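Text of run.cif, listed as mmCIF, C-alpha atoms:
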data_protein
#
loop_
_atom_site.group_PDB
_atom_site.id
_atom_site.type_symbol
_atom_site.label_atom_id
_atom_site.label_comp_id
_atom_site.auth_asym_id
_atom_site.auth_seq_id
_atom_site.Cartn_x
_atom_site.Cartn_y
_atom_site.Cartn_z
ATOM 1 C CA MET R 1 93.567 120.024 100.896
ATOM 2 C CA ALA R 2 95.420 117.194 99.194
ATOM 3 C CA ALA R 3 95.904 115.138 102.379
ATOM 4 C CA ASN R 4 92.174 114.626 102.859
ATOM 5 C CA GLY R 5 91.836 113.288 99.325
ATOM 6 C CA LEU R 6 94.663 110.840 99.971
ATOM 7 C CA ILE R 7 93.060 109.580 103.179
ATOM 8 C CA ASP R 8 89.701 109.260 101.452
ATOM 9 C CA ALA R 9 91.380 107.109 98.791
ATOM 10 C CA ALA R 10 92.934 104.816 101.391
ATOM 11 C CA LEU R 11 89.697 104.415 103.346
ATOM 12 C CA ARG R 12 87.793 103.644 100.140
ATOM 13 C CA THR R 13 90.363 101.037 99.180
ATOM 14 C CA TRP R 14 90.111 99.435 102.610
ATOM 15 C CA GLU R 15 86.299 99.464 102.574
ATOM 16 C CA GLN R 16 86.257 97.993 99.083
ATOM 17 C CA GLY R 17 88.332 95.049 100.292
ATOM 18 C CA VAL R 18 86.164 94.631 103.376
ATOM 19 C CA GLY R 19 83.047 94.767 101.200
ATOM 20 C CA ARG R 20 84.343 92.080 98.857
ATOM 21 C CA ALA R 21 85.278 89.824 101.764
ATOM 22 C CA THR R 22 81.955 90.442 103.530
ATOM 23 C CA LYS R 23 80.148 89.292 100.402
ATOM 24 C CA LEU R 24 82.421 86.340 99.719
ATOM 25 C CA PHE R 25 82.456 84.878 103.242
ATOM 26 C CA GLY R 26 78.976 86.053 104.197
ATOM 27 C CA ARG R 27 77.222 83.818 101.696
ATOM 28 C CA LEU R 28 79.033 80.642 102.797
ATOM 29 C CA ASP R 29 77.511 78.267 105.326
ATOM 30 C CA GLU R 30 79.389 76.127 107.832
ATOM 31 C CA GLN R 31 79.905 73.362 105.270
ATOM 32 C CA ALA R 32 81.142 75.664 102.503
ATOM 33 C CA LEU R 33 83.595 77.256 104.933
ATOM 34 C CA GLU R 34 85.224 73.846 105.419
ATOM 35 C CA ARG R 35 86.658 73.921 101.895
ATOM 36 C CA GLU R 36 90.399 74.467 101.398
ATOM 37 C CA ILE R 37 91.808 77.288 99.268
ATOM 38 C CA ALA R 38 94.065 74.688 97.620
ATOM 39 C CA PRO R 39 94.815 71.036 98.393
ATOM 40 C CA GLY R 40 96.344 70.790 101.873
ATOM 41 C CA LYS R 41 96.140 74.564 102.456
ATOM 42 C CA ASN R 42 94.039 76.605 104.905
ATOM 43 C CA ARG R 43 90.278 76.175 105.059
ATOM 44 C CA LEU R 44 88.060 79.180 104.365
ATOM 45 C CA ILE R 45 86.826 79.164 107.973
ATOM 46 C CA TYR R 46 90.400 79.628 109.178
ATOM 47 C CA LEU R 47 91.050 82.397 106.666
ATOM 48 C CA TYR R 48 87.854 84.130 107.753
ATOM 49 C CA GLY R 49 88.859 84.066 111.411
ATOM 50 C CA HIS R 50 92.421 85.052 110.528
ATOM 51 C CA LEU R 51 91.155 88.176 108.755
ATOM 52 C CA ILE R 52 88.923 89.025 111.729
ATOM 53 C CA ALA R 53 91.847 88.645 114.148
ATOM 54 C CA VAL R 54 94.078 90.874 112.007
ATOM 55 C CA SER R 55 91.361 93.538 111.659
ATOM 56 C CA ASP R 56 90.548 93.339 115.362
ATOM 57 C CA ALA R 57 94.215 93.881 116.207
ATOM 58 C CA MET R 58 94.127 97.032 114.044
ATOM 59 C CA ILE R 59 91.803 98.681 116.590
ATOM 60 C CA ALA R 60 94.637 98.601 119.125
ATOM 61 C CA GLN R 61 97.466 99.041 116.615
ATOM 62 C CA LEU R 62 95.865 102.216 115.251
ATOM 63 C CA ARG R 63 95.270 103.314 118.855
ATOM 64 C CA LEU R 64 91.508 103.582 118.333
ATOM 65 C CA GLY R 65 90.454 101.805 121.529
ATOM 66 C CA GLU R 66 90.154 98.354 123.066
ATOM 67 C CA ARG R 67 90.105 95.259 120.888
ATOM 68 C CA LEU R 68 86.872 93.277 120.712
ATOM 69 C CA HIS R 69 88.285 89.765 120.269
ATOM 70 C CA PRO R 70 91.842 89.385 121.581
ATOM 71 C CA GLU R 71 91.007 85.707 122.198
ATOM 72 C CA TYR R 72 91.080 85.096 118.426
ATOM 73 C CA ASP R 73 94.841 85.589 118.290
ATOM 74 C CA ASP R 74 95.443 82.146 119.784
ATOM 75 C CA LEU R 75 93.095 80.500 117.283
ATOM 76 C CA PHE R 76 93.829 82.373 114.075
ATOM 77 C CA LEU R 77 97.275 83.936 114.400
ATOM 78 C CA LYS R 78 99.332 81.733 116.721
ATOM 79 C CA ALA R 79 97.738 78.378 115.824
ATOM 80 C CA ALA R 80 97.842 76.893 112.338
ATOM 81 C CA ASP R 81 94.632 75.627 110.754
ATOM 82 C CA ARG R 82 93.306 72.235 111.974
ATOM 83 C CA THR R 83 95.263 72.346 115.242
ATOM 84 C CA VAL R 84 92.570 73.866 117.501
ATOM 85 C CA ALA R 85 88.754 73.917 117.629
ATOM 86 C CA LEU R 86 87.308 77.015 115.942
ATOM 87 C CA PRO R 87 84.174 79.011 116.830
ATOM 88 C CA PRO R 88 81.017 78.401 114.753
ATOM 89 C CA ALA R 89 80.576 80.413 111.560
ATOM 90 C CA ALA R 90 77.625 82.322 113.026
ATOM 91 C CA GLU R 91 79.844 83.720 115.790
ATOM 92 C CA LEU R 92 82.518 84.711 113.288
ATOM 93 C CA LYS R 93 80.004 86.554 111.127
ATOM 94 C CA VAL R 94 78.865 88.655 114.075
ATOM 95 C CA ALA R 95 82.483 89.359 115.022
ATOM 96 C CA TRP R 96 83.362 90.256 111.412
ATOM 97 C CA ASP R 97 80.601 92.870 111.262
ATOM 98 C CA LYS R 98 81.316 94.381 114.665
ATOM 99 C CA VAL R 99 85.066 94.646 114.150
ATOM 100 C CA HIS R 100 84.772 96.284 110.741
ATOM 101 C CA GLU R 101 82.010 98.636 111.850
ATOM 102 C CA THR R 102 84.172 99.721 114.799
ATOM 103 C CA LEU R 103 87.127 100.346 112.495
ATOM 104 C CA ARG R 104 84.959 102.247 110.024
ATOM 105 C CA VAL R 105 83.552 104.583 112.666
ATOM 106 C CA GLU R 106 86.832 105.174 114.494
ATOM 107 C CA MET R 107 89.060 105.555 111.430
ATOM 108 C CA ALA R 108 86.697 108.202 110.038
ATOM 109 C CA LYS R 109 87.539 110.409 113.042
ATOM 110 C CA LEU R 110 91.292 110.578 112.396
ATOM 111 C CA THR R 111 92.750 113.748 110.919
ATOM 112 C CA ALA R 112 95.545 113.809 108.353
ATOM 113 C CA GLU R 113 98.062 114.645 111.067
ATOM 114 C CA GLU R 114 96.827 111.769 113.205
ATOM 115 C CA TRP R 115 97.203 109.340 110.298
ATOM 116 C CA THR R 116 100.905 110.212 110.134
ATOM 117 C CA GLU R 117 101.385 109.592 113.866
ATOM 118 C CA ARG R 118 102.989 106.363 115.019
ATOM 119 C CA HIS R 119 101.057 103.134 115.259
ATOM 120 C CA ALA R 120 101.164 101.119 118.462
ATOM 121 C CA VAL R 121 103.449 98.371 117.148
ATOM 122 C CA VAL R 122 106.433 100.724 117.048
ATOM 123 C CA SER R 123 108.021 102.367 120.101
ATOM 124 C CA GLU R 124 108.389 106.139 120.363
ATOM 125 C CA GLU R 125 112.173 105.806 120.055
ATOM 126 C CA ASP R 126 111.986 103.745 116.886
ATOM 127 C CA PHE R 127 109.306 105.973 115.407
ATOM 128 C CA ALA R 128 111.564 109.010 115.834
ATOM 129 C CA LYS R 129 114.067 107.254 113.547
ATOM 130 C CA GLU R 130 111.485 105.664 111.222
ATOM 131 C CA PRO R 131 108.548 108.089 110.861
ATOM 132 C CA HIS R 132 107.061 106.019 108.042
ATOM 133 C CA ARG R 133 105.897 103.486 110.644
ATOM 134 C CA ASN R 134 102.682 105.428 111.075
ATOM 135 C CA ARG R 135 98.964 104.657 111.189
ATOM 136 C CA PHE R 136 98.552 105.250 107.467
ATOM 137 C CA THR R 137 101.256 102.775 106.479
ATOM 138 C CA LEU R 138 99.636 100.221 108.767
ATOM 139 C CA LEU R 139 96.243 100.737 107.103
ATOM 140 C CA LEU R 140 97.779 100.300 103.639
ATOM 141 C CA GLY R 141 99.637 97.208 104.773
ATOM 142 C CA ARG R 142 96.478 95.667 106.210
ATOM 143 C CA SER R 143 94.558 96.497 103.010
ATOM 144 C CA GLY R 144 97.223 94.558 101.139
ATOM 145 C CA HIS R 145 96.975 91.677 103.616
ATOM 146 C CA LEU R 146 93.227 91.504 103.042
ATOM 147 C CA ALA R 147 93.679 91.539 99.252
ATOM 148 C CA TYR R 148 96.349 88.821 99.546
ATOM 149 C CA HIS R 149 93.951 86.431 101.252
ATOM 150 C CA LEU R 150 90.998 87.426 99.065
ATOM 151 C CA GLY R 151 93.075 86.306 96.099
ATOM 152 C CA GLN R 152 93.333 82.916 97.800
ATOM 153 C CA ALA R 153 89.706 82.678 98.895
ATOM 154 C CA VAL R 154 88.381 83.193 95.344
ATOM 155 C CA LEU R 155 90.254 80.072 94.198
ATOM 156 C CA VAL R 156 87.689 77.916 95.988
ATOM 157 C CA LYS R 157 85.098 76.714 93.499
ATOM 158 C CA MET Z 158 103.340 118.319 105.645
ATOM 159 C CA ALA Z 159 101.005 115.394 106.211
ATOM 160 C CA ALA Z 160 100.331 114.772 102.520
ATOM 161 C CA ASN Z 161 103.945 113.906 101.779
ATOM 162 C CA GLY Z 162 103.975 111.336 104.562
ATOM 163 C CA LEU Z 163 100.829 109.743 103.148
ATOM 164 C CA ILE Z 164 102.328 109.524 99.658
ATOM 165 C CA ASP Z 165 105.540 108.094 101.048
ATOM 166 C CA ALA Z 166 103.478 105.400 102.795
ATOM 167 C CA ALA Z 167 101.681 104.479 99.580
ATOM 168 C CA LEU Z 168 104.872 104.333 97.532
ATOM 169 C CA ARG Z 169 106.550 102.185 100.185
ATOM 170 C CA THR Z 170 103.589 99.797 100.192
ATOM 171 C CA TRP Z 171 103.697 99.555 96.402
ATOM 172 C CA GLU Z 172 107.463 98.999 96.342
ATOM 173 C CA GLN Z 173 107.182 96.366 99.057
ATOM 174 C CA GLY Z 174 104.718 94.403 96.908
ATOM 175 C CA VAL Z 175 106.898 94.824 93.814
ATOM 176 C CA GLY Z 176 109.918 93.683 95.814
ATOM 177 C CA ARG Z 177 108.169 90.550 97.040
ATOM 178 C CA ALA Z 178 106.983 89.678 93.533
ATOM 179 C CA THR Z 179 110.426 90.393 92.033
ATOM 180 C CA LYS Z 180 111.941 87.923 94.473
ATOM 181 C CA LEU Z 181 109.214 85.298 94.087
ATOM 182 C CA PHE Z 182 109.066 85.257 90.282
ATOM 183 C CA GLY Z 183 112.702 86.160 89.721
ATOM 184 C CA ARG Z 184 114.041 82.938 91.186
ATOM 185 C CA LEU Z 185 111.787 80.692 89.055
ATOM 186 C CA ASP Z 186 112.999 79.197 85.786
ATOM 187 C CA GLU Z 187 110.899 78.431 82.720
ATOM 188 C CA GLN Z 188 109.885 75.049 84.108
ATOM 189 C CA ALA Z 189 108.936 76.316 87.560
ATOM 190 C CA LEU Z 190 106.820 79.047 85.969
ATOM 191 C CA GLU Z 191 104.710 76.340 84.316
ATOM 192 C CA ARG Z 192 103.210 75.346 87.671
ATOM 193 C CA GLU Z 193 99.586 76.218 88.425
ATOM 194 C CA ILE Z 194 98.565 78.250 91.479
ATOM 195 C CA ALA Z 195 95.883 75.598 92.133
ATOM 196 C CA PRO Z 196 94.617 72.635 90.080
ATOM 197 C CA GLY Z 197 93.157 73.918 86.804
ATOM 198 C CA LYS Z 198 93.949 77.557 87.647
ATOM 199 C CA ASN Z 199 96.413 80.011 86.060
ATOM 200 C CA ARG Z 200 100.058 79.089 85.651
ATOM 201 C CA LEU Z 201 102.688 81.273 87.329
ATOM 202 C CA ILE Z 202 104.009 82.392 83.923
ATOM 203 C CA TYR Z 203 100.585 83.798 83.085
ATOM 204 C CA LEU Z 204 100.288 85.523 86.444
ATOM 205 C CA TYR Z 205 103.747 87.023 85.965
ATOM 206 C CA GLY Z 206 102.837 88.456 82.560
ATOM 207 C CA HIS Z 207 99.456 89.581 83.864
ATOM 208 C CA LEU Z 208 101.127 91.605 86.618
ATOM 209 C CA ILE Z 209 103.548 93.140 84.087
ATOM 210 C CA ALA Z 210 100.674 94.122 81.787
ATOM 211 C CA VAL Z 211 98.739 95.718 84.657
ATOM 212 C CA SER Z 212 101.819 97.624 85.878
ATOM 213 C CA ASP Z 213 102.691 98.670 82.328
ATOM 214 C CA ALA Z 214 99.180 100.043 81.858
ATOM 215 C CA MET Z 215 99.696 102.133 85.008
ATOM 216 C CA ILE Z 216 102.302 104.216 83.172
ATOM 217 C CA ALA Z 217 99.565 105.501 80.871
ATOM 218 C CA GLN Z 218 96.775 105.423 83.451
ATOM 219 C CA LEU Z 219 98.792 107.604 85.830
ATOM 220 C CA ARG Z 220 99.649 109.829 82.845
ATOM 221 C CA LEU Z 221 103.388 109.314 83.317
ATOM 222 C CA GLY Z 222 104.263 108.675 79.686
ATOM 223 C CA GLU Z 223 104.062 106.036 76.975
ATOM 224 C CA ARG Z 224 103.587 102.407 77.882
ATOM 225 C CA LEU Z 225 106.486 100.030 77.236
ATOM 226 C CA HIS Z 226 104.531 96.835 76.426
ATOM 227 C CA PRO Z 227 101.003 97.497 75.148
ATOM 228 C CA GLU Z 228 101.283 94.233 73.208
ATOM 229 C CA TYR Z 229 101.025 92.305 76.492
ATOM 230 C CA ASP Z 230 97.371 93.263 76.912
ATOM 231 C CA ASP Z 231 96.293 90.743 74.278
ATOM 232 C CA LEU Z 232 98.296 87.979 75.940
ATOM 233 C CA PHE Z 233 97.769 88.623 79.618
ATOM 234 C CA LEU Z 234 94.608 90.699 80.002
ATOM 235 C CA LYS Z 235 92.294 89.833 77.111
ATOM 236 C CA ALA Z 236 93.339 86.193 76.648
ATOM 237 C CA ALA Z 237 92.910 83.570 79.343
ATOM 238 C CA ASP Z 238 95.837 81.340 80.258
ATOM 239 C CA ARG Z 239 96.667 78.473 77.865
ATOM 240 C CA THR Z 240 94.838 80.071 74.909
ATOM 241 C CA VAL Z 241 97.802 81.890 73.297
ATOM 242 C CA ALA Z 242 101.588 81.406 73.085
ATOM 243 C CA LEU Z 243 103.450 83.408 75.744
ATOM 244 C CA PRO Z 244 106.875 85.094 75.547
ATOM 245 C CA PRO Z 245 109.843 83.293 77.162
ATOM 246 C CA ALA Z 246 110.480 83.910 80.851
ATOM 247 C CA ALA Z 247 113.731 85.749 80.107
ATOM 248 C CA GLU Z 248 111.819 88.369 78.116
ATOM 249 C CA LEU Z 249 109.269 88.779 80.886
ATOM 250 C CA LYS Z 250 111.986 89.299 83.485
ATOM 251 C CA VAL Z 251 113.496 92.143 81.465
ATOM 252 C CA ALA Z 252 110.043 93.675 80.959
ATOM 253 C CA TRP Z 253 109.219 93.323 84.673
ATOM 254 C CA ASP Z 254 112.341 95.234 85.685
ATOM 255 C CA LYS Z 255 111.956 97.984 83.081
ATOM 256 C CA VAL Z 256 108.273 98.595 83.782
ATOM 257 C CA HIS Z 257 108.722 98.822 87.534
ATOM 258 C CA GLU Z 258 111.837 100.966 87.265
ATOM 259 C CA THR Z 259 109.940 103.373 84.998
ATOM 260 C CA LEU Z 260 107.071 103.550 87.458
ATOM 261 C CA ARG Z 261 109.431 104.065 90.380
ATOM 262 C CA VAL Z 262 111.240 106.963 88.732
ATOM 263 C CA GLU Z 263 108.136 108.678 87.349
ATOM 264 C CA MET Z 264 105.917 108.247 90.402
ATOM 265 C CA ALA Z 265 108.595 109.821 92.600
ATOM 266 C CA LYS Z 266 108.175 113.053 90.614
ATOM 267 C CA LEU Z 267 104.488 113.540 91.400
ATOM 268 C CA THR Z 268 103.489 116.147 93.986
ATOM 269 C CA ALA Z 269 100.646 115.676 96.469
ATOM 270 C CA GLU Z 270 98.365 117.813 94.313
ATOM 271 C CA GLU Z 271 99.204 115.759 91.246
ATOM 272 C CA TRP Z 272 98.390 112.529 93.069
ATOM 273 C CA THR Z 273 94.865 113.817 93.640
ATOM 274 C CA GLU Z 274 94.403 114.697 89.965
ATOM 275 C CA ARG Z 275 92.361 112.383 87.757
ATOM 276 C CA HIS Z 276 93.792 109.214 86.302
ATOM 277 C CA ALA Z 277 93.480 108.563 82.583
ATOM 278 C CA VAL Z 278 90.769 105.895 82.847
ATOM 279 C CA VAL Z 279 88.168 108.472 83.910
ATOM 280 C CA SER Z 280 86.920 111.331 81.709
ATOM 281 C CA GLU Z 281 87.140 114.943 82.848
ATOM 282 C CA GLU Z 282 83.339 115.100 83.133
ATOM 283 C CA ASP Z 283 83.129 112.025 85.321
ATOM 284 C CA PHE Z 284 86.072 113.137 87.422
ATOM 285 C CA ALA Z 285 84.320 116.421 88.200
ATOM 286 C CA LYS Z 286 81.519 114.358 89.766
ATOM 287 C CA GLU Z 287 83.757 111.660 91.250
ATOM 288 C CA PRO Z 288 87.007 113.293 92.407
ATOM 289 C CA HIS Z 289 88.076 110.143 94.226
ATOM 290 C CA ARG Z 290 88.925 108.598 90.862
ATOM 291 C CA ASN Z 291 92.409 110.034 91.075
ATOM 292 C CA ARG Z 292 95.962 108.808 90.583
ATOM 293 C CA PHE Z 293 96.355 107.937 94.250
ATOM 294 C CA THR Z 294 93.293 105.709 94.347
ATOM 295 C CA LEU Z 295 94.570 103.952 91.243
ATOM 296 C CA LEU Z 296 97.948 103.303 92.876
ATOM 297 C CA LEU Z 297 96.283 101.876 95.991
ATOM 298 C CA GLY Z 298 93.995 99.726 93.860
ATOM 299 C CA ARG Z 299 96.931 98.352 91.885
ATOM 300 C CA SER Z 300 98.857 97.673 95.088
ATOM 301 C CA GLY Z 301 95.885 95.602 96.199
ATOM 302 C CA HIS Z 302 95.765 93.823 92.842
ATOM 303 C CA LEU Z 303 99.417 92.889 93.196
ATOM 304 C CA ALA Z 304 98.869 91.602 96.759
ATOM 305 C CA TYR Z 305 95.831 89.610 95.574
ATOM 306 C CA HIS Z 306 97.890 87.689 93.035
ATOM 307 C CA LEU Z 307 100.883 87.356 95.352
ATOM 308 C CA GLY Z 308 98.567 85.548 97.753
ATOM 309 C CA GLN Z 309 97.860 83.091 94.944
ATOM 310 C CA ALA Z 310 101.450 82.735 93.736
ATOM 311 C CA VAL Z 311 102.724 81.719 97.178
ATOM 312 C CA LEU Z 312 100.375 78.708 97.178
ATOM 313 C CA VAL Z 313 102.629 76.992 94.647
ATOM 314 C CA LYS Z 314 104.948 74.621 96.439
#
Please go through the file and, once you have read it, give me the structure as structure tokens.
Amino acid sequence: MAANGLIDAALRTWEQGVGRATKLFGRLDEQALEREIAPGKNRLIYLYGHLIAVSDAMIAQLRLGERLHPEYDDLFLKAADRTVALPPAAELKVAWDKVHETLRVEMAKLTAEEWTERHAVVSEEDFAKEPHRNRFTLLLGRSGHLAYHLGQAVLVK
Amino acid sequence: MAANGLIDAALRTWEQGVGRATKLFGRLDEQALEREIAPGKNRLIYLYGHLIAVSDAMIAQLRLGERLHPEYDDLFLKAADRTVALPPAAELKVAWDKVHETLRVEMAKLTAEEWTERHAVVSEEDFAKEPHRNRFTLLLGRSGHLAYHLGQAVLVK
């Protein structure tokens, strides 16, 4: 069935991005995470937390269960870098692993039909008019978001 | 049929990235394209050509027809920035539009089954063992590649 192959492709693409980011951020210590992606731009530690917050939100947005770290939204989505105190790197690494493991396990359970169901950011009324606002589109969008910031993170020497 | 919804999602994600890049690069003149994404890193003009070369290669990799600009590979894939003379921005803008219009038209013709067929970078023998190396995976990978470099291009003030 073609649909299963398409979903497999999307999950592989997502996992590939997660794997690259796990490797890139995982080998950096607290000091290395203080570096900026470019002069005056976000620090790596902020980018790391930002990616965790966005992935964590996916758990709810894909309607896979309760989020693990809703408290990160204030730090990494609503606040800009250098405006609030951030958690230590060790805490972020644990959160990174747990969030992405949860997504991996739960996303693997979705059927092709379920992938084309609405995501939680869109209302049922709006989804009836715009059926492309489904779980699958959200996954592809978040894969792109991850790649976007990976492209920035690799600029740090 | 679920498969069509999944393909629609992937094409929308691709077109969204192309649209963002069209807007970002399209409004820059020759001088603005000389700026670097970060100190000592690639100039925007190189990134622009690099994205055209990668998209142009997709025409052949997705087995949609003949490439339009194979000559860009030497300039934007094999050569690093600042090592060879690059075409003027006006030429790149024409190439950008033609390449992405070709992809848009040709990709729209593919059926779900055709999306799960092998792409041209993998041999038939290898594809038999690794069926995930299909057209769809290539499209998702290239969408990620585009997002990766968009994340860099936006760092330029």
Suppose a student applies the PyMOL selection byres ((chain R) within 12 of (chain Z)) to this structure; what residues should they get, written as a PDB file with C-alpha atoms, in the frame of the given file?
ATOM      1  CA  MET R   1      93.567 120.024 100.896  1.00  0.00           C
ATOM      2  CA  ALA R   2      95.420 117.194  99.194  1.00  0.00           C
ATOM      3  CA  ALA R   3      95.904 115.138 102.379  1.00  0.00           C
ATOM      4  CA  ASN R   4      92.174 114.626 102.859  1.00  0.00           C
ATOM      5  CA  GLY R   5      91.836 113.288  99.325  1.00  0.00           C
ATOM      6  CA  LEU R   6      94.663 110.840  99.971  1.00  0.00           C
ATOM      7  CA  ILE R   7      93.060 109.580 103.179  1.00  0.00           C
ATOM      8  CA  ASP R   8      89.701 109.260 101.452  1.00  0.00           C
ATOM      9  CA  ALA R   9      91.380 107.109  98.791  1.00  0.00           C
ATOM     10  CA  ALA R  10      92.934 104.816 101.391  1.00  0.00           C
ATOM     11  CA  LEU R  11      89.697 104.415 103.346  1.00  0.00           C
ATOM     12  CA  ARG R  12      87.793 103.644 100.140  1.00  0.00           C
ATOM     13  CA  THR R  13      90.363 101.037  99.180  1.00  0.00           C
ATOM     14  CA  TRP R  14      90.111  99.435 102.610  1.00  0.00           C
ATOM     15  CA  GLU R  15      86.299  99.464 102.574  1.00  0.00           C
ATOM     16  CA  GLN R  16      86.257  97.993  99.083  1.00  0.00           C
ATOM     17  CA  GLY R  17      88.332  95.049 100.292  1.00  0.00           C
ATOM     18  CA  GLU R  36      90.399  74.467 101.398  1.00  0.00           C
ATOM     19  CA  ILE R  37      91.808  77.288  99.268  1.00  0.00           C
ATOM     20  CA  ALA R  38      94.065  74.688  97.620  1.00  0.00           C
ATOM     21  CA  PRO R  39      94.815  71.036  98.393  1.00  0.00           C
ATOM     22  CA  GLY R  40      96.344  70.790 101.873  1.00  0.00           C
ATOM     23  CA  LYS R  41      96.140  74.564 102.456  1.00  0.00           C
ATOM     24  CA  ASN R  42      94.039  76.605 104.905  1.00  0.00           C
ATOM     25  CA  THR R 111      92.750 113.748 110.919  1.00  0.00           C
ATOM     26  CA  ALA R 112      95.545 113.809 108.353  1.00  0.00           C
ATOM     27  CA  GLU R 113      98.062 114.645 111.067  1.00  0.00           C
ATOM     28  CA  GLU R 114      96.827 111.769 113.205  1.00  0.00           C
ATOM     29  CA  TRP R 115      97.203 109.340 110.298  1.00  0.00           C
ATOM     30  CA  THR R 116     100.905 110.212 110.134  1.00  0.00           C
ATOM     31  CA  GLU R 117     101.385 109.592 113.866  1.00  0.00           C
ATOM     32  CA  ARG R 118     102.989 106.363 115.019  1.00  0.00           C
ATOM     33  CA  GLU R 130     111.485 105.664 111.222  1.00  0.00           C
ATOM     34  CA  PRO R 131     108.548 108.089 110.861  1.00  0.00           C
ATOM     35  CA  HIS R 132     107.061 106.019 108.042  1.00  0.00           C
ATOM     36  CA  ARG R 133     105.897 103.486 110.644  1.00  0.00           C
ATOM     37  CA  ASN R 134     102.682 105.428 111.075  1.00  0.00           C
ATOM     38  CA  ARG R 135      98.964 104.657 111.189  1.00  0.00           C
ATOM     39  CA  PHE R 136      98.552 105.250 107.467  1.00  0.00           C
ATOM     40  CA  THR R 137     101.256 102.775 106.479  1.00  0.00           C
ATOM     41  CA  LEU R 138      99.636 100.221 108.767  1.00  0.00           C
ATOM     42  CA  LEU R 139      96.243 100.737 107.103  1.00  0.00           C
ATOM     43  CA  LEU R 140      97.779 100.300 103.639  1.00  0.00           C
ATOM     44  CA  GLY R 141      99.637  97.208 104.773  1.00  0.00           C
ATOM     45  CA  ARG R 142      96.478  95.667 106.210  1.00  0.00           C
ATOM     46  CA  SER R 143      94.558  96.497 103.010  1.00  0.00           C
ATOM     47  CA  GLY R 144      97.223  94.558 101.139  1.00  0.00           C
ATOM     48  CA  HIS R 145      96.975  91.677 103.616  1.00  0.00           C
ATOM     49  CA  LEU R 146      93.227  91.504 103.042  1.00  0.00           C
ATOM     50  CA  ALA R 147      93.679  91.539  99.252  1.00  0.00           C
ATOM     51  CA  TYR R 148      96.349  88.821  99.546  1.00  0.00           C
ATOM     52  CA  HIS R 149      93.951  86.431 101.252  1.00  0.00           C
ATOM     53  CA  LEU R 150      90.998  87.426  99.065  1.00  0.00           C
ATOM     54  CA  GLY R 151      93.075  86.306  96.099  1.00  0.00           C
ATOM     55  CA  GLN R 152      93.333  82.916  97.800  1.00  0.00           C
ATOM     56  CA  ALA R 153      89.706  82.678  98.895  1.00  0.00           C
ATOM     57  CA  VAL R 154      88.381  83.193  95.344  1.00  0.00           C
ATOM     58  CA  LEU R 155      90.254  80.072  94.198  1.00  0.00           C
ATOM     59  CA  VAL R 156      87.689  77.916  95.988  1.00  0.00           C
ATOM     60  CA  LYS R 157      85.098  76.714  93.499  1.00  0.00           C
TER      61      LYS R 157
END
Check: Got a sec to check which residues sit within 12 Å of (100.8, 98.3, 82.1), counting only C-alpha atoms, and write them as a PyMOL selection string?
Finding: chain Z and resi 206-231+233-234+252-253+255-257+259-260+299
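Atom CA of R:Ala21 lies 26.6 Å from atom CA of Z:Ala236.
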Checklist line | Interatomic distance (Å, one decimal) between atom CA of R:Leu75 and atom CA of R:Ala89 | finding: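 Atom-to-atom, atom CA of R:Leu75 to atom CA of R:Ala89, that is 13.8 Å.
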Check: In terms of the shortest atom-to-atom distance over all atoms listed in the file, which of R:Ala108, R:Lys23, R:Leu92, R:Tyr46 is closest to R:Lys78?
Finding: R:Tyr46
Checklist line | Nearest to Z:Arg239, chosen from Z:Glu191, Z:Glu263, Z:Asp283, Z:Asp254, with only C-alpha atoms counted in the distances | finding: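 Of Z:Glu191, Z:Glu263, Z:Asp283, Z:Asp254, the one nearest Z:Arg239, counting only C-alpha atoms, is Z:Glu191.
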Next item on the list: Have a look at R:His119, R:Tyr48, R:Arg43, R:Val105 and name the one nearest to R:Asp81; count only C-alpha atoms.
Entry: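 Among the listed residues, the smallest separation from R:Asp81 belongs to R:Arg43.
Atom CA of R:Ala120 lies 26.7 Å from atom CA of R:Lys93.
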As AutoDock Vina command-line options: centre and edge lengths in Å, one decimal, of the axis-aligned box holding stretch 123-135 of chain R with 3 Å per side:
--center_x 106.5 --center_y 105.7 --center_z 114.2 --size_x 21.1 --size_y 12.6 --size_z 18.3
Item checked: Nearest to Z:Leu201 by atom-to-atom distance, counting only C-alpha atoms, from Z:Glu187, Z:Glu258, Z:Glu248, Z:Glu281 ->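 Under the stated criterion, the closest residue is Z:Glu187.
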Notebook entry, point to check: For R:Arg104, which of R:Val122, R:Ala90, R:Val18, R:Leu28 is the closest residue, counting only C-alpha atoms?
Noted result: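 The closest residue to R:Arg104 is R:Val18.
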